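Note sheet for the following structure.
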Amino acid sequence: MNRKRLVGLTRAAVIAALYAVLTYVASLFNLAYGPVQFRISEVLTILPIFTFDAVPGLAIGCFIGNLLSTVGWVDLLFGTAATLIAAVLTRRLRGVRIFGLPIPSALMPVISNAVIVGLELTLFLPGVEASLAGFAVSFASVGLGELVICLALGLPFWALIEKNKSLKKLFD
């Protein structure tokens with residue numbers, strides 16, 4: 001295995017581990033699973049802007065983080081799919097800026113999770129009405145949590161990496 005590939009695998013593994021650990025920390029405060037989610041791990045969803053290695057890293061980290069999900073196996077499937085789709089879209093939109101900020105990239109996890117996890121909760125979470133109204137509530141609650149994390153924390157995290165040569169070099 002060449003050095004470049006080994007560095008990429010290591011970077012993906014570190015991102016996966018960080019995502020999983022931060023998800024477990026959020027779960028200690030009942031903020032990682034269910035209709036109200038403020039996963040601090042979602043701040044890492046901005047990383048595909050800097051490196052492709054974040055795409056598999058985030059998906060694997062989400063899968064591992066969802067092993068403790070109160071929704072069960074369904075969250076392993078839907079949550080991981082939402083994160084993978086968001087990471088791919090974040091990566092594809094990495095060069096698009098609004099007011100100099102990668103806002104479209106930062107919104108991809110918000111949209112993906114609001115739709116996919118919102119649907120998951122509507123269909124599989126006991127106590128959530130399986131209807132358009134139930135989906136609207138799940139969509140809004142998941143989306144709001146994602147919006148706060150991805151924009152209020154994710155964009156400053158992006159700026160920190162973008163402006164710090166030492167941090168940015170970690171992703172080159």
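Every chain in the structure tokens has a letter given in the order shown (A, B, ...), and although residue numbers restart at 1 in each chain, ligands are simply numbered from 1 in the order shown.
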I'd like the contact shell of A:Thr122 - 10 Å cut-off, only C-alpha atoms, skipping same-chain residues fewer than 4 positions apart - returned as a PDB file with N, CA and C atoms, in the first residue's frame.
ATOM      1  N   PRO A  35     -36.356  12.261  17.895  1.00  0.00           N
ATOM      2  CA  PRO A  35     -36.865  13.442  17.194  1.00  0.00           C
ATOM      3  C   PRO A  35     -36.104  14.734  17.481  1.00  0.00           C
ATOM      4  N   ILE A 116     -34.401  12.312   5.215  1.00  0.00           N
ATOM      5  CA  ILE A 116     -34.250  10.863   5.401  1.00  0.00           C
ATOM      6  C   ILE A 116     -34.509  10.452   6.849  1.00  0.00           C
ATOM      7  N   VAL A 117     -33.900  11.122   7.802  1.00  0.00           N
ATOM      8  CA  VAL A 117     -34.124  10.768   9.205  1.00  0.00           C
ATOM      9  C   VAL A 117     -35.538  11.172   9.626  1.00  0.00           C
ATOM     10  N   GLY A 118     -36.038  12.288   9.079  1.00  0.00           N
ATOM     11  CA  GLY A 118     -37.425  12.663   9.340  1.00  0.00           C
ATOM     12  C   GLY A 118     -38.390  11.574   8.896  1.00  0.00           C
ATOM     13  N   PRO A 126     -41.947   4.741  17.575  1.00  0.00           N
ATOM     14  CA  PRO A 126     -43.241   4.673  18.265  1.00  0.00           C
ATOM     15  C   PRO A 126     -43.632   6.054  18.807  1.00  0.00           C
ATOM     16  N   GLY A 127     -44.890   6.385  18.672  1.00  0.00           N
ATOM     17  CA  GLY A 127     -45.384   7.659  19.180  1.00  0.00           C
ATOM     18  C   GLY A 127     -45.373   8.775  18.159  1.00  0.00           C
ATOM     19  N   VAL A 128     -44.741   8.544  17.010  1.00  0.00           N
ATOM     20  CA  VAL A 128     -44.755   9.548  15.949  1.00  0.00           C
ATOM     21  C   VAL A 128     -45.817   9.125  14.943  1.00  0.00           C
ATOM     22  N   GLU A 129     -46.729  10.021  14.663  1.00  0.00           N
ATOM     23  CA  GLU A 129     -47.822   9.727  13.742  1.00  0.00           C
ATOM     24  C   GLU A 129     -47.286   9.530  12.326  1.00  0.00           C
ATOM     25  N   ALA A 130     -47.622   8.376  11.728  1.00  0.00           N
ATOM     26  CA  ALA A 130     -47.189   8.068  10.367  1.00  0.00           C
ATOM     27  C   ALA A 130     -48.114   8.770   9.376  1.00  0.00           C
ATOM     28  N   SER A 131     -47.901  10.075   9.228  1.00  0.00           N
ATOM     29  CA  SER A 131     -48.719  10.884   8.335  1.00  0.00           C
ATOM     30  C   SER A 131     -47.878  12.035   7.823  1.00  0.00           C
ATOM     31  N   LEU A 132     -48.459  12.812   6.952  1.00  0.00           N
ATOM     32  CA  LEU A 132     -47.754  13.985   6.444  1.00  0.00           C
ATOM     33  C   LEU A 132     -47.463  14.957   7.591  1.00  0.00           C
ATOM     34  N   ALA A 133     -48.397  15.107   8.504  1.00  0.00           N
ATOM     35  CA  ALA A 133     -48.187  15.990   9.661  1.00  0.00           C
ATOM     36  C   ALA A 133     -47.065  15.453  10.549  1.00  0.00           C
ATOM     37  N   GLY A 134     -47.052  14.141  10.754  1.00  0.00           N
ATOM     38  CA  GLY A 134     -45.982  13.523  11.550  1.00  0.00           C
ATOM     39  C   GLY A 134     -44.621  13.716  10.902  1.00  0.00           C
ATOM     40  N   PHE A 135     -44.586  13.566   9.566  1.00  0.00           N
ATOM     41  CA  PHE A 135     -43.337  13.786   8.838  1.00  0.00           C
ATOM     42  C   PHE A 135     -42.896  15.242   8.953  1.00  0.00           C
ATOM     43  N   ALA A 136     -43.841  16.166   8.851  1.00  0.00           N
ATOM     44  CA  ALA A 136     -43.511  17.590   8.938  1.00  0.00           C
ATOM     45  C   ALA A 136     -42.875  17.917  10.286  1.00  0.00           C
ATOM     46  N   VAL A 137     -43.407  17.340  11.344  1.00  0.00           N
ATOM     47  CA  VAL A 137     -42.848  17.576  12.683  1.00  0.00           C
ATOM     48  C   VAL A 137     -41.450  16.971  12.786  1.00  0.00           C
ATOM     49  N   SER A 138     -41.286  15.738  12.318  1.00  0.00           N
ATOM     50  CA  SER A 138     -39.966  15.088  12.358  1.00  0.00           C
ATOM     51  C   SER A 138     -38.961  15.827  11.484  1.00  0.00           C
ATOM     52  N   PHE A 139     -39.382  16.209  10.286  1.00  0.00           N
ATOM     53  CA  PHE A 139     -38.549  16.969   9.362  1.00  0.00           C
ATOM     54  C   PHE A 139     -38.060  18.251  10.042  1.00  0.00           C
TER      55      PHE A 139
END
Using only C-alpha atoms, which residues of stretch 50-70 of chain A come within 12 Å of stretch 94-109 of chain A, and what is the closest atom pair for each, with the distance in Å to one decimal? Give it as JSON lines, sorted by chain and residue number.
{"residue": "A:Phe50", "atom": "CA", "partner": "A:Arg94", "partner_atom": "CA", "distance": 7.9}
{"residue": "A:Thr51", "atom": "CA", "partner": "A:Arg94", "partner_atom": "CA", "distance": 9.8}
{"residue": "A:Phe52", "atom": "CA", "partner": "A:Arg94", "partner_atom": "CA", "distance": 10.5}
{"residue": "A:Val55", "atom": "CA", "partner": "A:Pro109", "partner_atom": "CA", "distance": 12.0}
{"residue": "A:Leu58", "atom": "CA", "partner": "A:Pro109", "partner_atom": "CA", "distance": 11.1}
{"residue": "A:Ala59", "atom": "CA", "partner": "A:Pro109", "partner_atom": "CA", "distance": 11.8}
### Task
Go ahead and compute the interatomic distance for atom CA of A:Gly79 and atom CA of A:Phe63, in Å to one decimal.
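Computing the Euclidean distance for atom CA of A:Gly79 and atom CA of A:Phe63 yields 7.5 Å.
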### A:Val14 surroundings by only C-alpha atoms, 10 Å radius, close-in-sequence under 3 positions cut, as a list in words
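Everything that qualifies: Gly8, Leu9, Thr10, Arg11, Ala17, Leu18, Tyr19, Ala20, Asp53, Ala54, Gly57, Leu58 and Gly61 of chain A.
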How about saving the chosen residues, C-alpha atoms kept, as a PDB file, in the first residue's frame?
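What landed in result_32.pdb:
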ATOM      1  CA  GLY A   8      -6.132   8.644   3.406  1.00  0.00           C
ATOM      2  CA  LEU A   9      -7.290   5.518   5.246  1.00  0.00           C
ATOM      3  CA  THR A  10      -5.869   6.846   8.508  1.00  0.00           C
ATOM      4  CA  ARG A  11      -7.587  10.208   8.003  1.00  0.00           C
ATOM      5  CA  ALA A  17     -13.696   7.597  15.398  1.00  0.00           C
ATOM      6  CA  LEU A  18     -14.263  11.277  16.208  1.00  0.00           C
ATOM      7  CA  TYR A  19     -17.781  11.182  14.776  1.00  0.00           C
ATOM      8  CA  ALA A  20     -18.697   8.048  16.754  1.00  0.00           C
ATOM      9  CA  ASP A  53     -11.446  10.907   2.982  1.00  0.00           C
ATOM     10  CA  ALA A  54     -14.127  12.529   5.128  1.00  0.00           C
ATOM     11  CA  GLY A  57     -15.056   8.495   7.447  1.00  0.00           C
ATOM     12  CA  LEU A  58     -18.351  10.218   8.205  1.00  0.00           C
ATOM     13  CA  GLY A  61     -18.531   7.000  11.997  1.00  0.00           C
TER      14      GLY A  61
END
### Query
With only C-alpha atoms as the basis for distance, which of A:Val74, A:Ala32, A:Ile15, A:Ala86 is at the shortest distance from A:Ile60?
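Of all the options, A:Ile15 lies closest to A:Ile60.
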### Pick from A:Phe171, A:Gly143, A:Asn66, A:Thr23 nearest to A:Trp158, counting only C-alpha atoms
A:Phe171
